[in-house]
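So this block is model28.cif, mmCIF, C-alpha atoms:
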data_coords
loop_
_atom_site.label_atom_id
_atom_site.label_comp_id
_atom_site.auth_asym_id
_atom_site.auth_seq_id
_atom_site.Cartn_x
_atom_site.Cartn_y
_atom_site.Cartn_z
CA MET A 1 106.96 87.89 156.04
CA SER A 2 107.41 90.64 158.63
CA ASN A 3 108.05 94.20 157.52
CA PRO A 4 111.68 95.21 157.02
CA ILE A 5 113.78 97.52 159.10
CA ILE A 6 114.02 100.67 157.00
CA VAL A 7 117.09 102.92 157.15
CA ILE A 8 117.00 106.43 155.69
CA GLY A 9 120.45 107.63 154.66
CA SER A 10 123.74 106.08 153.52
CA GLY A 11 126.39 107.95 155.46
CA PHE A 12 128.76 106.54 158.05
CA ALA A 13 126.05 106.12 160.70
CA ALA A 14 123.68 104.20 158.44
CA TYR A 15 126.32 101.91 157.00
CA GLN A 16 127.97 101.31 160.36
CA TRP A 17 124.58 100.23 161.73
CA VAL A 18 124.08 97.81 158.82
CA LYS A 19 127.55 96.28 159.31
CA SER A 20 127.02 95.96 163.07
CA PHE A 21 123.52 94.51 162.76
CA ARG A 22 124.55 91.92 160.17
CA LYS A 23 127.17 90.56 162.57
CA LEU A 24 124.28 89.74 164.92
CA ASP A 25 121.44 88.96 162.50
CA GLN A 26 122.01 87.78 158.94
CA HIS A 27 118.38 87.32 157.94
CA THR A 28 116.08 90.15 159.04
CA ALA A 29 115.09 92.15 155.97
CA ILE A 30 116.67 95.60 155.68
CA THR A 31 115.70 98.25 153.14
CA LEU A 32 117.95 101.30 152.92
CA VAL A 33 116.82 104.39 151.02
CA THR A 34 119.29 107.14 150.17
CA ALA A 35 119.09 110.38 148.22
CA ASP A 36 122.59 109.95 146.80
CA GLN A 37 124.53 107.25 144.95
CA GLY A 38 125.02 105.16 148.10
CA ALA A 39 128.75 104.51 147.86
CA ASP A 40 130.52 103.50 151.08
CA TYR A 41 133.42 105.90 151.64
CA SER A 42 135.41 107.45 154.46
CA LYS A 43 134.09 110.95 155.08
CA PRO A 44 137.12 112.12 157.13
CA GLU A 45 139.26 111.58 154.03
CA LEU A 46 137.47 114.45 152.27
CA SER A 47 139.87 116.90 153.91
CA HIS A 48 142.93 115.01 152.58
CA VAL A 49 142.17 114.57 148.89
CA PHE A 50 143.89 117.64 147.46
CA SER A 51 147.33 117.17 148.97
CA ARG A 52 147.16 113.48 148.03
CA HIS A 53 146.07 114.32 144.45
CA GLN A 54 143.13 111.95 144.78
CA GLN A 55 139.88 111.92 142.85
CA ALA A 56 136.54 111.54 144.59
CA THR A 57 136.28 107.98 143.28
CA ASP A 58 139.52 107.07 145.09
CA LEU A 59 137.66 107.38 148.41
CA ILE A 60 135.03 104.78 147.52
CA LYS A 61 135.44 101.51 149.43
CA GLN A 62 132.34 99.85 147.92
CA THR A 63 129.71 100.88 145.41
CA ALA A 64 126.07 100.74 146.48
CA ALA A 65 125.59 97.47 144.59
CA GLU A 66 128.66 95.90 146.21
CA PHE A 67 127.57 97.02 149.68
CA ALA A 68 124.02 95.75 149.19
CA ALA A 69 125.27 92.37 148.00
CA GLU A 70 127.77 91.89 150.83
CA TYR A 71 125.32 92.80 153.60
CA ASN A 72 122.18 91.29 152.06
CA ILE A 73 120.07 94.44 152.02
CA LYS A 74 117.77 96.12 149.53
CA LEU A 75 119.40 99.44 148.69
CA ILE A 76 117.40 102.12 146.87
CA THR A 77 119.61 104.99 145.66
CA GLU A 78 118.92 108.54 144.44
CA THR A 79 115.50 108.43 146.09
CA VAL A 80 114.05 110.94 148.53
CA ILE A 81 111.62 109.84 151.24
CA LYS A 82 108.65 112.20 151.01
CA GLU A 83 106.76 111.27 154.18
CA ILE A 84 106.92 109.18 157.36
CA ASN A 85 103.72 107.97 159.03
CA THR A 86 104.65 106.87 162.55
CA THR A 87 101.11 105.77 163.47
CA GLN A 88 100.75 103.28 160.63
CA GLN A 89 104.52 102.70 160.37
CA TRP A 90 105.19 103.43 156.73
CA VAL A 91 107.38 105.69 154.61
CA TYR A 92 106.33 107.13 151.26
CA PHE A 93 108.57 107.43 148.19
CA ASN A 94 108.32 106.81 144.45
CA GLN A 95 104.49 106.78 144.65
CA GLN A 96 104.50 103.85 147.09
CA GLN A 97 104.09 103.22 150.79
CA LEU A 98 106.53 100.82 152.41
CA GLN A 99 105.75 99.43 155.87
CA TYR A 100 108.51 99.13 158.46
CA SER A 101 108.97 97.16 161.66
CA SER A 102 111.56 99.67 162.87
CA LEU A 103 112.74 102.87 161.22
CA ILE A 104 116.22 104.39 161.54
CA ILE A 105 116.62 108.02 160.52
CA ALA A 106 120.25 108.68 159.57
CA THR A 107 119.76 111.70 157.32
CA GLY A 108 122.91 113.46 158.51
CA ALA A 109 123.47 117.19 158.29
CA ILE A 110 124.11 119.84 155.67
CA SER A 111 126.80 122.50 155.72
CA PHE A 112 125.52 125.74 157.21
CA ILE A 113 125.82 128.78 154.93
CA PRO A 114 124.49 132.14 156.19
CA LYS A 115 122.42 134.20 153.78
CA PHE A 116 125.04 136.82 153.00
CA ALA A 117 124.08 139.97 151.13
CA GLY A 118 125.33 140.19 147.56
CA ASN A 119 124.77 138.14 144.41
CA ALA A 120 127.12 135.21 145.01
CA THR A 121 125.85 133.24 148.00
CA ASP A 122 124.65 130.49 145.66
CA LYS A 123 128.21 130.08 144.34
CA ILE A 124 129.68 129.14 147.73
CA ILE A 125 130.98 125.56 147.74
CA THR A 126 130.67 123.00 150.53
CA LEU A 127 132.62 119.75 150.96
CA ASN A 128 130.47 117.75 153.36
CA SER A 129 129.94 114.67 151.19
CA LEU A 130 131.41 112.63 148.37
CA SER A 131 128.85 114.02 145.95
CA GLU A 132 129.79 117.61 146.86
CA LEU A 133 133.45 116.81 146.23
CA GLN A 134 132.56 115.25 142.87
CA GLN A 135 130.53 118.31 141.87
CA ASN A 136 133.25 120.80 142.80
CA GLN A 137 136.62 119.09 142.44
CA LEU A 138 137.42 120.35 138.94
CA GLN A 139 136.63 123.92 139.94
CA ILE A 140 138.78 123.62 143.08
CA ASN A 141 141.67 122.07 141.16
CA ALA A 142 141.59 124.96 138.66
CA ALA A 143 141.50 127.70 141.31
CA LYS A 144 144.63 129.58 142.36
CA HIS A 145 143.22 131.47 145.35
CA ILE A 146 140.66 129.86 147.64
CA THR A 147 138.91 131.45 150.60
CA ILE A 148 137.57 129.23 153.35
CA LEU A 149 134.86 130.53 155.65
CA GLY A 150 135.21 128.97 159.09
CA ALA A 151 138.38 128.40 161.11
CA GLY A 152 137.00 125.49 163.11
CA LEU A 153 138.36 121.96 162.87
CA ILE A 154 137.11 121.14 159.35
CA GLY A 155 137.90 124.57 157.87
CA THR A 156 141.42 124.44 159.29
CA GLU A 157 142.00 120.91 158.02
CA ILE A 158 140.81 121.86 154.51
CA ALA A 159 142.92 125.03 154.54
CA ILE A 160 146.09 123.11 155.41
CA ASP A 161 145.35 120.43 152.82
CA LEU A 162 144.73 122.92 150.01
CA ALA A 163 147.79 124.99 150.97
CA THR A 164 149.87 121.80 150.91
CA ALA A 165 148.51 121.19 147.40
CA GLY A 166 149.89 124.60 146.34
CA LYS A 167 146.83 126.84 146.59
CA GLN A 168 146.86 130.38 147.97
CA ILE A 169 144.54 130.28 150.98
CA THR A 170 142.62 132.86 152.97
CA LEU A 171 140.92 131.53 156.10
CA CYS A 172 138.13 133.69 157.55
CA ASP A 173 136.21 133.48 160.81
CA LYS A 174 134.16 135.88 162.91
CA ALA A 175 135.85 134.39 166.00
CA ALA A 176 138.99 135.94 167.43
CA ALA A 177 140.94 132.66 167.54
CA MET A 178 141.45 129.41 165.66
CA MET A 179 139.19 126.42 166.40
CA PRO A 180 137.43 128.24 169.27
CA ALA A 181 135.14 125.32 170.15
CA LEU A 182 138.10 123.00 170.79
CA LEU A 183 141.25 124.95 171.63
CA PRO A 184 142.14 127.29 174.50
CA ASP A 185 143.64 130.63 173.50
CA PHE A 186 147.28 129.69 174.11
CA ILE A 187 147.16 126.69 171.73
CA ALA A 188 144.96 128.52 169.22
CA ALA A 189 147.62 131.26 169.12
CA GLU A 190 150.31 128.68 168.37
CA LEU A 191 148.23 127.19 165.54
CA HIS A 192 147.64 130.73 164.23
CA GLN A 193 151.39 131.32 164.13
CA VAL A 194 152.09 128.02 162.36
CA LEU A 195 149.51 128.71 159.63
CA SER A 196 150.75 132.27 159.15
CA GLN A 197 154.33 131.03 158.74
CA LYS A 198 153.04 128.72 155.99
CA ASP A 199 151.57 131.76 154.17
CA ILE A 200 147.90 131.12 154.93
CA ASP A 201 146.22 134.52 155.17
CA LEU A 202 144.21 134.46 158.41
CA GLN A 203 141.32 136.89 158.65
CA LEU A 204 139.91 136.49 162.15
CA ASN A 205 137.43 138.85 163.84
CA ALA A 206 136.00 139.05 160.34
CA THR A 207 132.45 140.27 159.78
CA ILE A 208 131.39 139.67 156.18
CA SER A 209 128.98 142.28 154.87
CA GLU A 210 128.42 140.86 151.39
CA ILE A 211 129.76 138.50 148.73
CA ASN A 212 129.58 139.35 145.03
CA THR A 213 130.93 138.12 141.73
CA ASP A 214 133.24 140.23 139.57
CA GLY A 215 133.77 138.45 136.28
CA GLU A 216 135.49 135.15 137.06
CA GLN A 217 136.35 136.21 140.60
CA MET A 218 134.38 136.62 143.81
CA ILE A 219 134.71 139.57 146.17
CA ILE A 220 134.17 139.22 149.91
CA SER A 221 133.46 142.56 151.56
CA GLN A 222 134.27 142.81 155.26
CA GLN A 223 133.37 145.44 157.81
CA GLY A 224 136.43 147.57 158.58
CA LYS A 225 138.79 145.43 156.50
CA GLU A 226 139.97 145.20 152.91
CA ASP A 227 137.97 143.21 150.38
CA ILE A 228 139.12 139.67 149.62
CA HIS A 229 139.39 138.81 145.92
CA THR A 230 139.24 135.07 145.40
CA ASP A 231 138.53 132.41 142.78
CA ILE A 232 136.20 130.28 144.90
CA ILE A 233 134.77 130.20 148.41
CA ILE A 234 134.37 127.07 150.52
CA ALA A 235 132.09 127.21 153.55
CA ALA A 236 133.07 125.18 156.63
CA MET A 237 130.95 127.06 159.15
CA GLY A 238 129.34 124.14 160.90
CA LEU A 239 126.56 121.66 160.21
CA ALA A 240 122.78 121.90 160.37
CA PRO A 241 121.06 118.53 161.04
CA ARG A 242 118.45 117.51 158.48
CA LEU A 243 115.25 117.70 160.51
CA GLN A 244 112.48 118.30 157.96
CA LEU A 245 111.43 114.68 157.56
CA ALA A 246 111.27 114.08 161.31
CA GLN A 247 109.41 117.34 161.88
CA GLN A 248 106.87 116.49 159.16
CA ALA A 249 106.24 113.22 160.98
CA GLY A 250 105.66 114.99 164.30
CA ILE A 251 108.85 113.61 165.85
CA SER A 252 110.36 115.82 168.57
CA THR A 253 113.35 117.91 167.48
CA ASN A 254 115.53 120.60 168.98
CA ARG A 255 118.85 121.36 167.30
CA GLY A 256 118.74 117.71 166.21
CA ILE A 257 116.26 114.84 166.32
CA ILE A 258 115.86 114.21 170.04
CA VAL A 259 116.71 110.65 171.12
CA ASN A 260 117.09 108.97 174.49
CA ASN A 261 119.97 106.72 175.50
CA MET A 262 118.34 103.88 173.52
CA LEU A 263 118.58 106.12 170.42
CA GLN A 264 114.77 106.13 170.27
CA THR A 265 112.88 109.20 169.11
CA SER A 266 109.55 110.37 170.49
CA ALA A 267 107.84 107.98 168.02
CA THR A 268 107.44 104.26 168.70
CA ASN A 269 109.90 102.05 166.76
CA VAL A 270 111.64 105.08 165.26
CA TYR A 271 115.32 105.72 166.00
CA ALA A 272 117.88 108.31 164.92
CA ILE A 273 121.68 108.10 164.75
CA GLY A 274 124.53 110.13 163.32
CA ASP A 275 124.84 113.83 162.63
CA CYS A 276 121.07 114.34 162.75
CA ALA A 277 120.62 112.91 166.28
CA GLU A 278 120.66 114.94 169.48
CA ILE A 279 121.69 112.76 172.42
CA ASN A 280 121.42 114.11 175.94
CA GLY A 281 121.13 117.64 174.52
CA LYS A 282 124.26 117.31 172.40
CA LEU A 283 125.05 116.92 168.72
CA SER A 284 128.20 115.03 167.79
CA ALA A 285 129.57 114.76 164.28
CA PHE A 286 132.63 112.75 165.33
CA ILE A 287 133.27 109.19 164.22
CA GLN A 288 133.58 107.43 167.60
CA PRO A 289 130.20 108.41 169.14
CA ILE A 290 128.45 107.64 165.86
CA MET A 291 130.11 104.23 165.66
CA LEU A 292 129.18 103.40 169.25
CA SER A 293 125.60 104.58 168.63
CA ALA A 294 125.35 102.29 165.60
CA ILE A 295 126.70 99.31 167.56
CA ALA A 296 124.33 99.88 170.49
CA LEU A 297 121.31 100.26 168.23
CA ALA A 298 122.29 97.15 166.27
CA LYS A 299 122.26 95.15 169.50
CA THR A 300 118.90 96.62 170.51
CA LEU A 301 117.22 95.80 167.20
CA ALA A 302 118.80 92.33 167.19
CA GLY A 303 116.98 91.60 170.45
CA THR A 304 119.31 92.75 173.21
CA PRO A 305 118.21 96.21 174.45
CA THR A 306 121.44 98.17 174.84
CA PRO A 307 121.55 101.75 176.14
CA LEU A 308 124.26 103.94 174.62
CA SER A 309 127.22 104.70 176.85
CA LEU A 310 130.08 106.85 175.62
CA PRO A 311 133.58 106.70 177.08
CA PRO A 312 135.81 109.79 177.03
CA MET A 313 136.52 110.28 173.34
CA LEU A 314 139.65 111.33 171.53
CA ILE A 315 139.63 113.87 168.71
CA LYS A 316 142.62 113.74 166.37
CA ALA A 317 142.97 116.94 164.36
CA LYS A 318 144.29 116.39 160.83
CA THR A 319 146.61 119.38 161.17
CA PRO A 320 150.02 117.95 160.17
CA TRP A 321 151.82 121.26 160.67
CA LEU A 322 150.81 121.11 164.34
CA PRO A 323 149.59 117.57 165.12
CA LEU A 324 147.02 117.64 167.93
CA SER A 325 144.92 115.15 169.87
CA LEU A 326 142.43 116.27 172.48
CA ALA A 327 139.71 114.94 174.73
CA GLY A 328 137.33 116.05 177.44
CA ILE A 329 136.63 119.68 178.34
CA THR A 330 139.20 122.02 176.80
CA THR A 331 137.53 125.41 176.40
CA ALA A 332 135.71 126.15 179.68
CA LEU A 333 136.57 129.50 181.27
CA ASP A 334 137.44 128.14 184.72
CA ILE A 335 140.00 125.53 183.62
CA HIS A 336 143.31 125.30 185.47
CA TRP A 337 145.97 124.34 182.92
CA GLN A 338 149.12 122.35 183.61
CA ILE A 339 151.47 122.41 180.63
CA GLU A 340 154.41 120.04 180.13
CA ARG A 341 156.59 120.93 177.14
CA ASP A 342 159.86 119.60 175.72
CA HIS A 343 161.46 118.83 172.34
CA ASP A 344 158.82 116.10 171.71
CA GLY A 345 155.92 118.56 171.97
CA TYR A 346 153.61 119.29 174.86
CA ILE A 347 150.75 117.99 176.93
CA ALA A 348 148.31 120.52 178.34
CA LYS A 349 146.15 119.05 181.11
CA ALA A 350 142.86 120.70 182.05
CA HIS A 351 141.93 120.49 185.74
CA THR A 352 139.12 121.77 187.92
CA ALA A 353 139.94 123.83 191.00
CA ASP A 354 140.20 120.62 193.05
CA GLN A 355 142.73 119.17 190.55
CA THR A 356 140.33 116.72 188.87
CA LEU A 357 141.46 116.01 185.29
CA ILE A 358 138.66 116.98 182.89
CA GLY A 359 140.47 117.25 179.56
CA PHE A 360 143.81 117.43 177.77
CA ILE A 361 145.53 118.39 174.54
CA ALA A 362 148.67 116.65 173.27
CA SER A 363 150.88 117.72 170.37
CA HIS A 364 153.48 116.07 168.14
CA ASN A 365 155.14 112.99 169.69
CA LYS A 366 153.40 113.53 173.02
CA GLN A 367 150.31 112.03 171.39
CA LYS A 368 151.74 108.62 172.35
CA GLN A 369 150.63 109.33 175.92
CA VAL A 370 146.99 110.15 175.20
CA PHE A 371 145.45 106.75 175.92
CA ALA A 372 146.78 106.68 179.49
CA LEU A 373 145.29 110.14 179.99
CA LEU A 374 142.05 109.15 178.31
CA ARG A 375 141.47 106.45 180.92
CA GLN A 376 141.55 109.11 183.65
CA LEU A 377 138.66 111.15 182.19
CA PRO A 378 135.02 110.66 183.15
CA PRO A 379 132.68 109.05 180.56
CA ALA A 380 131.04 111.33 178.02
CA LEU A 381 127.63 109.61 178.52
#

Encoded form using structure tokens:
Amino acid sequence: MSNPIIVIGSGFAAYQWVKSFRKLDQHTAITLVTADQGADYSKPELSHVFSRHQQATDLIKQTAAEFAAEYNIKLITETVIKEINTTQQWVYFNQQQLQYSSLIIATGAISFIPKFAGNATDKIITLNSLSELQQNQLQINAAKHITILGAGLIGTEIAIDLATAGKQITLCDKAAAMMPALLPDFIAAELHQVLSQKDIDLQLNATISEINTDGEQMIISQQGKEDIHTDIIIAAMGLAPRLQLAQQAGISTNRGIIVNNMLQTSATNVYAIGDCAEINGKLSAFIQPIMLSAIALAKTLAGTPTPLSLPPMLIKAKTPWLPLSLAGITTALDIHWQIERDHDGYIAKAHTADQTLIGFIASHNKQKQVFALLRQLPPAL
């Protein structure tokens, strides 16, 4: 028998690849190794659970055993790969070497937490996976006041969800505006106003000097501002791709594991997809590019080499107080904005100086028009 395709990781990218590959090839052996319990769940739902009064187990679509049985794979859970040898094509774990025909690295990313001064950095919570939610849900449910570090997309979504669930929320960011990587100032200001009206305490332009514990509470000290007293702190300050395994194997990395448009790394027969992969110099933690990467790689490994191409992609913010969909370039300095607003919401169109549409943001009921606009944008890859 030939060696199996080995997949490292059990997040959305890994499982989407398995599902896509099995539609094309029902027989090639697949071994998937994951450090966690291997349940198939919807990661975007993590930022909805509190307002919906859900438990972590409510997000599980299939257990590891159910997934393995349905897709005819060998699934090894709660196991860490210790080493990859790309010359001899094996991985090492549990005191054994396992040969592969192709290897897919889908190790994802971890939540980034700066090393703050003070004695409480190790008590900061993250919610980047089902296991992290399971570990922290009781503590979050018991808290009255929660501080979220990071006013980007995920931090804002979590803040709104927890506030909807009745928590007192402080949202901190060193940036001067909400969701600075996605929103221009005029829309960020509107989102700021909406959150403030809903009693979320926004602390922008915040420079944290240290974080300490004081009995049951935590104290966040800021430069030039009052201390924040809070029950727990959740970090949503971005993601750091897991690179250690690839680096140990001598695979080229930058911010992520570098792949070409075939999703291939610098090593023969080794591929990377998902949050850990850097495609064309970019990281993308959004669902659509990861899904398309998994589909393309499934076709390639099933015998039809398929380069990845990415259409213009829509981002839907789970911000029910100000529903937003956006695509393309929305934060460049030289954008010319055309804004159409009425009682149904607004559409803000981003143009170049020669009136080429390069991006847009739609709110409320105007989101019905986004697909017509999406077709006018250039491809992402």

List every protein, DNA or RNA residue that has at least one atom no more than 12 Å from (107.0, 112.1, 152.1) in the file's coordinates, counting only C-alpha atoms, and write the result as JSON, numbers by chain.
{"A": [79, 80, 81, 82, 83, 84, 85, 86, 90, 91, 92, 93, 94, 95, 96, 97, 98, 244, 245, 246, 247, 248, 249]}

Between region 164-221 of chain A and region 48-70 of chain A, at 12 Å or less, what are the per-residue closest atom pairs and their distances in Å? Count all atoms listed in the file, order by chain and rising residue number, and return it as a Markdown table.
| residue | atom | partner | partner_atom | distance |
| --- | --- | --- | --- | --- |
| A:Thr164 | CA | A:Ser51 | CA | 5.6 |
| A:Ala165 | CA | A:Ser51 | CA | 4.5 |
| A:Gly166 | CA | A:Ser51 | CA | 8.3 |
| A:Lys167 | CA | A:Phe50 | CA | 9.7 |

For this file, the PyMOL selection byres ((chain A and resi 301-306) around 10) selects which residues, as an MDAnalysis selection string?
chainID A and resid 5 20:26 28 102 261:263 269 293 295:300 307:309

To one decimal place in Å, what is the distance between CA of Ile251 (chain A) and CA of Glu278 (chain A)?
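Result for CA of Ile251 (chain A) versus CA of Glu278 (chain A): 12.4 Å, one decimal.
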
One decimal, Å: what's the distance from CA of Ile329 (chain A) over to CA of Phe371 (chain A), could you say?
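If I compute the distance from CA of Ile329 (chain A) to CA of Phe371 (chain A), I get 15.8 Å.
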
As a check of understanding, name the residues that the PyMOL selection byres ((chain A and resi 243) around 10) selects in the supplied structure, as a PDB file with C-alpha atoms, in the frame of the given file.
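Full text of result-v6.pdb as output:
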ATOM      1  CA  ILE A 105     116.620 108.020 160.520  1.00  0.00           C
ATOM      2  CA  THR A 107     119.760 111.700 157.320  1.00  0.00           C
ATOM      3  CA  GLY A 108     122.910 113.460 158.510  1.00  0.00           C
ATOM      4  CA  ALA A 109     123.470 117.190 158.290  1.00  0.00           C
ATOM      5  CA  ALA A 240     122.780 121.900 160.370  1.00  0.00           C
ATOM      6  CA  PRO A 241     121.060 118.530 161.040  1.00  0.00           C
ATOM      7  CA  ARG A 242     118.450 117.510 158.480  1.00  0.00           C
ATOM      8  CA  GLN A 244     112.480 118.300 157.960  1.00  0.00           C
ATOM      9  CA  LEU A 245     111.430 114.680 157.560  1.00  0.00           C
ATOM     10  CA  ALA A 246     111.270 114.080 161.310  1.00  0.00           C
ATOM     11  CA  GLN A 247     109.410 117.340 161.880  1.00  0.00           C
ATOM     12  CA  GLN A 248     106.870 116.490 159.160  1.00  0.00           C
ATOM     13  CA  ILE A 251     108.850 113.610 165.850  1.00  0.00           C
ATOM     14  CA  SER A 252     110.360 115.820 168.570  1.00  0.00           C
ATOM     15  CA  THR A 253     113.350 117.910 167.480  1.00  0.00           C
ATOM     16  CA  ASN A 254     115.530 120.600 168.980  1.00  0.00           C
ATOM     17  CA  ARG A 255     118.850 121.360 167.300  1.00  0.00           C
ATOM     18  CA  GLY A 256     118.740 117.710 166.210  1.00  0.00           C
ATOM     19  CA  ILE A 257     116.260 114.840 166.320  1.00  0.00           C
ATOM     20  CA  CYS A 276     121.070 114.340 162.750  1.00  0.00           C
ATOM     21  CA  ALA A 277     120.620 112.910 166.280  1.00  0.00           C
TER      22      ALA A 277
END

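Using only C-alpha atoms, the smallest distance between any of A:Ala272, A:Leu149, A:Val33, A:Met291 and Ile104 (chain A) comes from A:Ala272.
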
The PyMOL selection byres ((chain A and resi 353) around 9) applied to the shown file, residues as a PDB file with C-alpha atoms, keeping the file's coordinate frame:
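Contents of expr_36.pdb, freshly written:
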ATOM      1  CA  ASP A 334     137.440 128.140 184.720  1.00  0.00           C
ATOM      2  CA  ILE A 335     140.000 125.530 183.620  1.00  0.00           C
ATOM      3  CA  HIS A 336     143.310 125.300 185.470  1.00  0.00           C
ATOM      4  CA  HIS A 351     141.930 120.490 185.740  1.00  0.00           C
ATOM      5  CA  THR A 352     139.120 121.770 187.920  1.00  0.00           C
ATOM      6  CA  ASP A 354     140.200 120.620 193.050  1.00  0.00           C
ATOM      7  CA  GLN A 355     142.730 119.170 190.550  1.00  0.00           C
ATOM      8  CA  THR A 356     140.330 116.720 188.870  1.00  0.00           C
TER       9      THR A 356
END

May I ask which of the residues A:Thr147, A:Thr331, A:Asn128, A:Gln338 is the closest one to Ala188 (chain A), counting all atoms listed in the file?
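For Ala188 (chain A), the nearest of the given residues is A:Thr331.
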
Scan for residues within 8 Å of the point (130.5, 104.1, 177.2) in the coordinates of the file, using all atoms listed in the file, and reply as a PDB file with C-alpha atoms, in the frame of the given file.
ATOM      1  CA  LEU A 308     124.260 103.940 174.620  1.00  0.00           C
ATOM      2  CA  SER A 309     127.220 104.700 176.850  1.00  0.00           C
ATOM      3  CA  LEU A 310     130.080 106.850 175.620  1.00  0.00           C
ATOM      4  CA  PRO A 311     133.580 106.700 177.080  1.00  0.00           C
ATOM      5  CA  PRO A 312     135.810 109.790 177.030  1.00  0.00           C
ATOM      6  CA  PRO A 379     132.680 109.050 180.560  1.00  0.00           C
ATOM      7  CA  ALA A 380     131.040 111.330 178.020  1.00  0.00           C
ATOM      8  CA  LEU A 381     127.630 109.610 178.520  1.00  0.00           C
TER       9      LEU A 381
END

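Residue nearest Thr156 (chain A), chosen from A:Gly238, A:Asp342, A:Ala317, A:Thr87 and counting only C-alpha atoms: A:Ala317.
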